[in-house]
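Here's the structure, in C-alpha cells; my notes come after.
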Amino acid sequence: QVQLVESGGGLAQSGGSLRLSCVASGSIFSLNTGGWYRQAPEKQRELVATISGGGAPAVADSVKGRFTISKDSAGSTIYLQMNNLKPEDTAVYYCSTLTAVGRVWGQGTQVTVSS
C-alpha cells in the first residue's frame with residue numbers, strides 16, 4: 001500500500017513563498033502521475049498541479065506563473081513551489097496519486113496566507 005506524507009505548509013504573508021513536499025513510500029512517481037490538490041473551507045477540493053511519470057508538469061490556470069511542480073530523480077518525492085502567494089491560496093494541500101488499487105491521498109498540510 002502506497003503511503004504519501006506531505007510537509008512544508010505553514011503561515012506565509014501575501015507575496016511570500018512556501019515549498020511543499022510529498023514523500024511516497026516507494027518510487028511511485030517514477031511511473032505514476034503525482035498531483036497536488038487543495039481544499040479551502042466550505043469549498044470543493046480542486047486540482048492545483050500534476051506531474052506525469054515522464055516528468056511533464058501541468059498547473060491550473062489559477063496558479064499559473066506562481067506555482068511550479070517538480071519531482072526528484074528517484075521518483076519518490078514531488079514538490080510544489082508556491083511563489084507570490086495570495087490569501088485565496090489558503091487551503092489544506094493534499095498530495096495524491098492513482099494506483100492499481102485506487103486513488104491514494106496524503107494527510108494534507110495547511111497553508112495559510114495572510115494579507
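Following the order of the C-alpha cells, chains are lettered A, B, ..., residues in each are numbered from 1, and ligands are numbered from 1.
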Residue contacts of segment 19-35 of chain A (6 Å, only C-alpha atoms) excluding same-chain residues fewer than 4 positions away, as a PyMOL selection string = chain A and resi 2-8+49-53+75-82+95-97
task = Would you kindly return, as an NGL selection string, each protein, DNA or RNA residue with an atom no farther than 12 Å from any atom of Glu88 of chain A, considering only C-alpha atoms and excluding same-chain residues fewer than 6 positions away?
result = :A and (13-15 or 38-41 or 43 or 62-63 or 111-115)
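Look at Gln110 of chain A: the protein and nucleic acid residues within 7 Å of it, using only C-alpha atoms and passing over chain neighbours fewer than 2 places away, are Gly9, Gly10, Ala91, Val92, Tyr93, Gly108 and Thr112 of chain A.
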DSSP helix (DSSP H, G or I) selection over chain A, as a ChimeraX atom specification = /A:28-30,61-63,87-89
Those residues with C-alpha atoms, as a JSON list (two decimals), in the first residue's frame please?
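The result, written out as selection_28.json:
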```
[["chain", "number", "residue", "atom", "x", "y", "z"],
["A", 28, "ILE", "CA", 5.71, 5.60, -7.24],
["A", 29, "PHE", "CA", 6.14, 8.89, -9.07],
["A", 30, "SER", "CA", 8.68, 7.40, -11.48],
["A", 61, "ASP", "CA", -4.81, 28.46, -14.57],
["A", 62, "SER", "CA", -5.43, 29.94, -11.13],
["A", 63, "VAL", "CA", -1.81, 29.35, -10.10],
["A", 87, "PRO", "CA", -4.83, 34.95, 0.62],
["A", 88, "GLU", "CA", -7.03, 32.92, -1.73],
["A", 89, "ASP", "CA", -4.33, 30.23, -1.77]]
```
message = Considering only C-alpha atoms, can you say which of A:Thr90, A:Ser17, A:Asn83, A:Ser73 comes closest to Gly54 of chain A?
response =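 Closest residue, counting only C-alpha atoms: A:Ser73.
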ask   = When DSSP works through the backbone of this structure, what residues of segment 3-114 of chain A end up as strand (DSSP E), shown as JSON, numbers by chain?
value = {"A": [4, 5, 6, 7, 10, 11, 12, 13, 18, 19, 20, 21, 22, 23, 24, 34, 35, 36, 37, 38, 39, 46, 47, 48, 49, 50, 51, 57, 58, 59, 67, 68, 69, 70, 71, 77, 78, 79, 80, 81, 82, 91, 92, 93, 94, 95, 96, 97, 98, 99, 102, 103, 104, 105, 109, 110, 111, 112, 113, 114]}
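Shortest atom-to-atom contact with Asn84 of chain A among A:Gln44, A:Gln1, A:Thr68, A:Gln107: A:Thr68, counting only C-alpha atoms.
In this model, the gap between atom CA of Gly102 of chain A and atom CA of Trp36 of chain A comes to 16.4 Å.
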inquiry  = Give me the residues near Val48 of chain A as a PyMOL selection string, where near means some atom within 6 Å (using only C-alpha atoms) and where sequence neighbours in that chain fewer than 4 positions away do not count.
reply    = chain A and resi 36-37+59-60
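The coordinates place atom CA of Gly106 of chain A at 5.8 Å from atom CA of Tyr94 of chain A.
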ask   = What gap, in Å, lies between atom CA of Phe67 of chain A and atom CA of Ala100 of chain A?
value =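 These two atoms are separated by 28.6 Å.
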